[in-house]
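Colleague: Next up, protein-v5.cif (mmCIF, C-alpha atoms and all ligand atoms).
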data_work
loop_
_atom_site.label_atom_id
_atom_site.label_comp_id
_atom_site.auth_asym_id
_atom_site.auth_seq_id
_atom_site.Cartn_x
_atom_site.Cartn_y
_atom_site.Cartn_z
CA MET X 1 95.54 29.60 -19.88
CA ILE X 2 95.58 26.28 -21.63
CA ASP X 3 93.89 26.28 -25.03
CA LEU X 4 93.54 23.01 -26.91
CA HIS X 5 91.66 24.19 -30.01
CA THR X 6 93.20 26.75 -32.39
CA HIS X 7 93.66 27.24 -36.12
CA THR X 8 96.60 28.43 -38.20
CA LEU X 9 96.80 29.36 -41.86
CA PHE X 10 97.19 25.67 -42.61
CA SER X 11 93.38 25.75 -42.49
CA ASP X 12 91.27 28.89 -41.98
CA GLY X 13 93.28 30.63 -39.29
CA VAL X 14 95.17 33.80 -40.17
CA LEU X 15 98.49 33.20 -38.39
CA LEU X 16 101.51 31.04 -39.10
CA PRO X 17 102.20 28.55 -36.30
CA SER X 18 105.22 30.63 -35.25
CA GLU X 19 103.15 33.77 -34.80
CA LEU X 20 100.27 31.96 -33.11
CA VAL X 21 102.70 30.52 -30.56
CA GLN X 22 104.32 33.90 -29.96
CA ARG X 23 100.92 35.60 -29.60
CA ALA X 24 99.81 32.90 -27.18
CA PHE X 25 102.98 33.35 -25.14
CA CYS X 26 102.36 37.09 -24.93
CA ALA X 27 98.74 36.45 -23.90
CA GLY X 28 100.03 34.48 -20.91
CA TYR X 29 99.35 30.98 -22.20
CA LYS X 30 101.03 27.95 -20.66
CA ALA X 31 100.02 25.46 -23.35
CA ILE X 32 98.44 25.50 -26.79
CA ALA X 33 97.31 22.85 -29.26
CA MET X 34 97.23 23.70 -32.96
CA THR X 35 94.27 21.82 -34.38
CA ASP X 36 93.65 22.73 -37.99
CA HIS X 37 90.56 21.59 -39.90
CA MET X 38 91.12 18.28 -41.65
CA ASP X 39 89.41 15.76 -43.84
CA MET X 40 90.76 13.00 -46.10
CA SER X 41 92.14 15.56 -48.56
CA ASN X 42 94.63 17.33 -46.33
CA VAL X 43 95.36 15.26 -43.22
CA ASP X 44 98.65 13.96 -44.63
CA PHE X 45 99.61 17.45 -45.80
CA ILE X 46 98.95 19.34 -42.59
CA VAL X 47 99.70 17.06 -39.66
CA PRO X 48 103.40 16.54 -40.46
CA ARG X 49 103.89 20.31 -40.86
CA ILE X 50 102.17 21.13 -37.58
CA VAL X 51 104.23 18.39 -35.91
CA GLU X 52 107.43 19.88 -37.34
CA ALA X 53 106.48 23.40 -36.23
CA SER X 54 105.51 22.19 -32.75
CA ASN X 55 108.75 20.27 -32.29
CA VAL X 56 111.02 23.08 -33.44
CA LEU X 57 109.15 25.91 -31.70
CA SER X 58 109.08 23.90 -28.47
CA GLU X 59 112.87 24.16 -28.32
CA TYR X 60 112.62 27.96 -28.25
CA SER X 61 109.46 28.59 -26.26
CA PRO X 62 108.47 27.95 -22.65
CA LEU X 63 104.99 27.05 -23.93
CA LYS X 64 103.87 23.47 -24.21
CA ILE X 65 103.00 23.21 -27.89
CA ILE X 66 100.86 20.29 -28.95
CA PRO X 67 100.40 19.23 -32.57
CA GLY X 68 96.77 18.36 -33.17
CA ALA X 69 93.98 18.05 -35.70
CA GLU X 70 90.28 18.86 -35.93
CA ILE X 71 88.39 16.35 -38.07
CA THR X 72 85.77 18.58 -39.67
CA HIS X 73 82.54 17.89 -41.62
CA VAL X 74 83.57 14.34 -42.49
CA PRO X 75 80.88 11.66 -42.95
CA PRO X 76 80.51 10.02 -39.53
CA LYS X 77 81.49 6.56 -40.81
CA LEU X 78 84.92 7.90 -41.88
CA ILE X 79 85.74 9.71 -38.63
CA GLY X 80 87.35 6.75 -36.86
CA LYS X 81 89.78 6.04 -39.70
CA LEU X 82 90.77 9.70 -39.97
CA ILE X 83 91.43 10.01 -36.25
CA GLU X 84 93.69 6.98 -36.54
CA LYS X 85 95.45 8.45 -39.55
CA ALA X 86 96.01 11.80 -37.81
CA ARG X 87 97.47 10.03 -34.78
CA ASN X 88 99.72 7.86 -36.94
CA LEU X 89 101.04 11.02 -38.62
CA GLY X 90 101.95 12.45 -35.21
CA ALA X 91 98.91 14.38 -33.96
CA LYS X 92 99.02 14.24 -30.16
CA LEU X 93 95.52 15.62 -29.67
CA VAL X 94 92.60 14.95 -31.98
CA ILE X 95 89.37 16.93 -31.91
CA VAL X 96 86.20 16.07 -33.77
CA HIS X 97 84.24 19.13 -34.95
CA GLY X 98 80.93 18.53 -33.21
CA GLU X 99 77.35 19.30 -34.13
CA THR X 100 77.43 23.06 -33.54
CA VAL X 101 74.06 24.78 -33.92
CA VAL X 102 75.52 27.28 -36.42
CA GLU X 103 76.71 24.89 -39.14
CA PRO X 104 75.00 21.99 -40.93
CA VAL X 105 77.23 19.31 -39.37
CA ILE X 106 76.07 15.81 -40.36
CA PRO X 107 73.82 14.32 -37.64
CA GLY X 108 75.62 11.44 -35.95
CA THR X 109 78.95 13.30 -35.91
CA ASN X 110 78.88 13.74 -32.12
CA ARG X 111 78.27 10.02 -31.62
CA ALA X 112 80.92 8.96 -34.15
CA GLY X 113 83.57 11.23 -32.61
CA ILE X 114 82.87 9.86 -29.15
CA GLU X 115 82.78 6.23 -30.27
CA ALA X 116 86.06 6.67 -32.13
CA GLY X 117 87.73 8.05 -29.01
CA ALA X 118 88.58 11.60 -30.02
CA ASP X 119 90.32 13.53 -27.23
CA ILE X 120 87.79 16.38 -27.44
CA LEU X 121 84.39 16.78 -29.09
CA SER X 122 84.31 20.49 -29.91
CA HIS X 123 81.16 22.65 -29.68
CA PRO X 124 78.79 19.64 -29.51
CA GLY X 125 75.63 21.74 -29.92
CA LEU X 126 72.47 20.08 -28.68
CA ILE X 127 74.30 16.96 -27.50
CA SER X 128 72.02 14.22 -26.15
CA ILE X 129 72.11 12.63 -22.71
CA GLU X 130 73.00 9.30 -24.36
CA ASP X 131 75.97 10.73 -26.24
CA SER X 132 77.17 12.62 -23.18
CA THR X 133 76.95 9.44 -21.10
CA LEU X 134 79.05 7.63 -23.69
CA ALA X 135 81.55 10.53 -23.63
CA MET X 136 81.83 10.11 -19.87
CA GLU X 137 82.43 6.35 -20.25
CA LYS X 138 84.99 6.78 -23.06
CA GLY X 139 86.77 9.75 -21.45
CA VAL X 140 86.05 12.10 -24.36
CA ALA X 141 86.03 15.73 -23.20
CA LEU X 142 83.11 17.96 -24.21
CA GLU X 143 84.02 21.51 -25.15
CA ILE X 144 82.75 24.78 -23.77
CA THR X 145 83.80 27.35 -26.34
CA ALA X 146 84.71 31.02 -26.38
CA ARG X 147 83.88 31.16 -30.09
CA LYS X 148 80.96 33.30 -31.16
CA GLY X 149 78.14 31.30 -32.70
CA HIS X 150 79.35 27.93 -31.43
CA SER X 151 79.01 29.28 -27.88
CA LEU X 152 75.21 29.59 -28.25
CA SER X 153 74.85 26.06 -26.89
CA ASN X 154 77.38 26.35 -24.03
CA GLY X 155 74.61 26.36 -21.43
CA HIS X 156 73.06 23.19 -22.82
CA VAL X 157 76.42 21.41 -23.12
CA ALA X 158 77.33 22.33 -19.54
CA LYS X 159 73.98 21.16 -18.19
CA ILE X 160 74.13 17.79 -19.97
CA ALA X 161 77.81 17.24 -19.14
CA MET X 162 77.20 17.93 -15.45
CA ALA X 163 74.12 15.68 -15.40
CA THR X 164 76.07 12.78 -16.90
CA GLY X 165 79.48 13.35 -15.33
CA ALA X 166 81.19 13.94 -18.67
CA THR X 167 84.52 15.78 -18.66
CA MET X 168 84.48 19.38 -19.90
CA VAL X 169 87.24 21.63 -21.21
CA ILE X 170 87.20 25.25 -22.34
CA ASN X 171 88.88 26.30 -25.61
CA THR X 172 88.87 29.37 -27.82
CA ASP X 173 88.74 27.85 -31.33
CA SER X 174 90.94 30.83 -32.21
CA HIS X 175 91.30 31.76 -35.86
CA ALA X 176 92.90 35.19 -35.30
CA PRO X 177 95.05 36.83 -32.60
CA GLU X 178 92.14 38.71 -31.05
CA ASP X 179 90.41 35.38 -30.33
CA LEU X 180 92.96 34.38 -27.67
CA ILE X 181 91.69 34.85 -24.10
CA ASN X 182 93.10 34.74 -20.59
CA ARG X 183 92.01 32.54 -17.74
CA GLU X 184 89.82 35.22 -16.19
CA ARG X 185 87.85 35.51 -19.44
CA ALA X 186 87.63 31.71 -19.56
CA ARG X 187 86.24 31.72 -16.03
CA ILE X 188 83.55 34.23 -17.01
CA ILE X 189 82.54 32.13 -20.04
CA LEU X 190 82.24 29.05 -17.81
CA GLN X 191 80.17 30.99 -15.28
CA ALA X 192 77.97 32.31 -18.08
CA ALA X 193 77.32 28.70 -19.13
CA GLY X 194 75.82 28.09 -15.68
CA ILE X 195 78.77 26.16 -14.29
CA PRO X 196 79.14 26.56 -10.52
CA GLU X 197 82.35 27.93 -9.04
CA GLU X 198 83.37 24.60 -7.52
CA ASN X 199 83.43 22.90 -10.95
CA ILE X 200 85.53 25.53 -12.67
CA GLU X 201 88.92 24.53 -11.26
CA THR X 202 88.14 20.94 -12.29
CA ILE X 203 87.56 22.09 -15.85
CA PHE X 204 90.92 23.88 -15.92
CA ALA X 205 92.52 20.73 -14.47
CA ASN X 206 90.93 18.64 -17.23
CA SER X 207 92.81 20.68 -19.82
CA LYS X 208 96.04 20.20 -17.87
CA ASN X 209 95.40 16.44 -17.84
CA LEU X 210 95.02 16.43 -21.63
CA VAL X 211 98.31 18.32 -21.97
CA ASP X 212 100.01 15.71 -19.79
CA LYS X 213 98.41 12.89 -21.80
CA ALA X 214 99.55 14.45 -25.07
CA GLY X 215 103.07 14.65 -23.65
CA ARG X 216 103.06 10.93 -22.88
CA ASN X 217 101.80 9.85 -26.32
ZN ZN X 301 87.56 27.23 -38.71
ZN ZN X 302 87.79 24.63 -34.76
#
I'd like the structure from this file rewritten - as structure tokens, please.

Modeller:
Amino acid sequence: MIDLHTHTLFSDGVLLPSELVQRAFCAGYKAIAMTDHMDMSNVDFIVPRIVEASNVLSEYSPLKIIPGAEITHVPPKLIGKLIEKARNLGAKLVIVHGETVVEPVIPGTNRAGIEAGADILSHPGLISIEDSTLAMEKGVALEITARKGHSLSNGHVAKIAMATGATMVINTDSHAPEDLINRERARIILQAAGIPEENIETIFANSKNLVDKAGRN
């Protein structure tokens, strides 16, 4: 399992980075990104700490541990600058918290995250064909999620992504240890989103590609 969207107690997750990494290892993970919620108030507080934890824990764990960020509920016009700031502080993978159908995310967030070149647009809700086409062109991955609530629109996201050729990844958006899943569970969630068998290995490979890209940055 590769999981590129998780939270620690540096935002609203319940685990320290050290415990999240250990739990992920025990759940059979090969790679994990820690992507806490960020806006302009905390990006400079959290990213360096997640970078420090990722660097040190990597020396003692066979897991690939990627320091990341999830830009969350920020006015769309500010998203580009914050992605840049997170990357400058050492985030190797930046997610924009997309227009999930279960939170009042500001309309235009999906578009802004794609235009700004986030690595992943998480739970993009009722994403449009136009935005998905732009995601395909810009190489921004669209997320299929294991998270309750956000996952309501998985079927729509999968349909639009497949129609436009946009890249998909599957993540858990874990906030607690019981949210971690294995690859078989991930496969079932992808199937439940209406994704045919032949596309599923590609989706797993997309996550691997993002891990490799994060390692090069
Ligand atoms: Zn959260
Ligand atoms: Zn999240």

Colleague: What is the distance between atom CA of His156 of chain X and atom CA of Lys81 of chain X, in Å to one decimal?

Modeller: 29.3 Å

Colleague: Residues at most 7 Å from ligand ZN 302 (chain X), using only C-alpha atoms and all ligand atoms? Could they come as a PyMOL selection string?

Modeller: chain X and resi 5-7+36-37+70+97+173

Colleague: Rounded to one decimal, what separation in Å do you get between atom CA of Pro107 of chain X and atom CA of Gly90 of chain X?

Modeller: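 These atoms are spaced 28.3 Å apart.
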
Colleague: Which residues of chain X have any atom within 12 Å of an atom in ligand ZN 301 (chain X) when counting only C-alpha atoms and all ligand atoms, and what is the closest pair of atoms for each, with the distance in Å to one decimal? Order the rows by chain and rising number and write it as CSV.

Modeller:
residue,atom,partner,partner_atom,distance
X:His5,CA,X:ZN301,ZN,10.1
X:Thr6,CA,X:ZN301,ZN,8.5
X:His7,CA,X:ZN301,ZN,6.6
X:Thr8,CA,X:ZN301,ZN,9.1
X:Leu9,CA,X:ZN301,ZN,10.0
X:Phe10,CA,X:ZN301,ZN,10.5
X:Ser11,CA,X:ZN301,ZN,7.1
X:Asp12,CA,X:ZN301,ZN,5.2
X:Gly13,CA,X:ZN301,ZN,6.7
X:Val14,CA,X:ZN301,ZN,10.2
X:Met34,CA,X:ZN301,ZN,11.8
X:Thr35,CA,X:ZN301,ZN,9.6
X:Asp36,CA,X:ZN301,ZN,7.6
X:His37,CA,X:ZN301,ZN,6.5
X:Met38,CA,X:ZN301,ZN,10.1
X:Ala69,CA,X:ZN301,ZN,11.6
X:Glu70,CA,X:ZN301,ZN,9.2
X:Ile71,CA,X:ZN301,ZN,10.9
X:Thr72,CA,X:ZN301,ZN,8.9
X:His73,CA,X:ZN301,ZN,11.0
X:His97,CA,X:ZN301,ZN,9.5
X:Glu103,CA,X:ZN301,ZN,11.1
X:Ser122,CA,X:ZN301,ZN,11.6
X:His123,CA,X:ZN301,ZN,12.0
X:Arg147,CA,X:ZN301,ZN,10.2
X:Lys148,CA,X:ZN301,ZN,11.7
X:Gly149,CA,X:ZN301,ZN,11.9
X:His150,CA,X:ZN301,ZN,11.0
X:Thr172,CA,X:ZN301,ZN,11.2
X:Asp173,CA,X:ZN301,ZN,7.5
X:Ser174,CA,X:ZN301,ZN,8.2
X:His175,CA,X:ZN301,ZN,6.5
X:Ala176,CA,X:ZN301,ZN,10.2

Colleague: Just to confirm, what's the straight-line distance from atom CA of Val56 of chain X to atom CA of Lys213 of chain X in Å (one decimal)?

Modeller: 20.0 Å
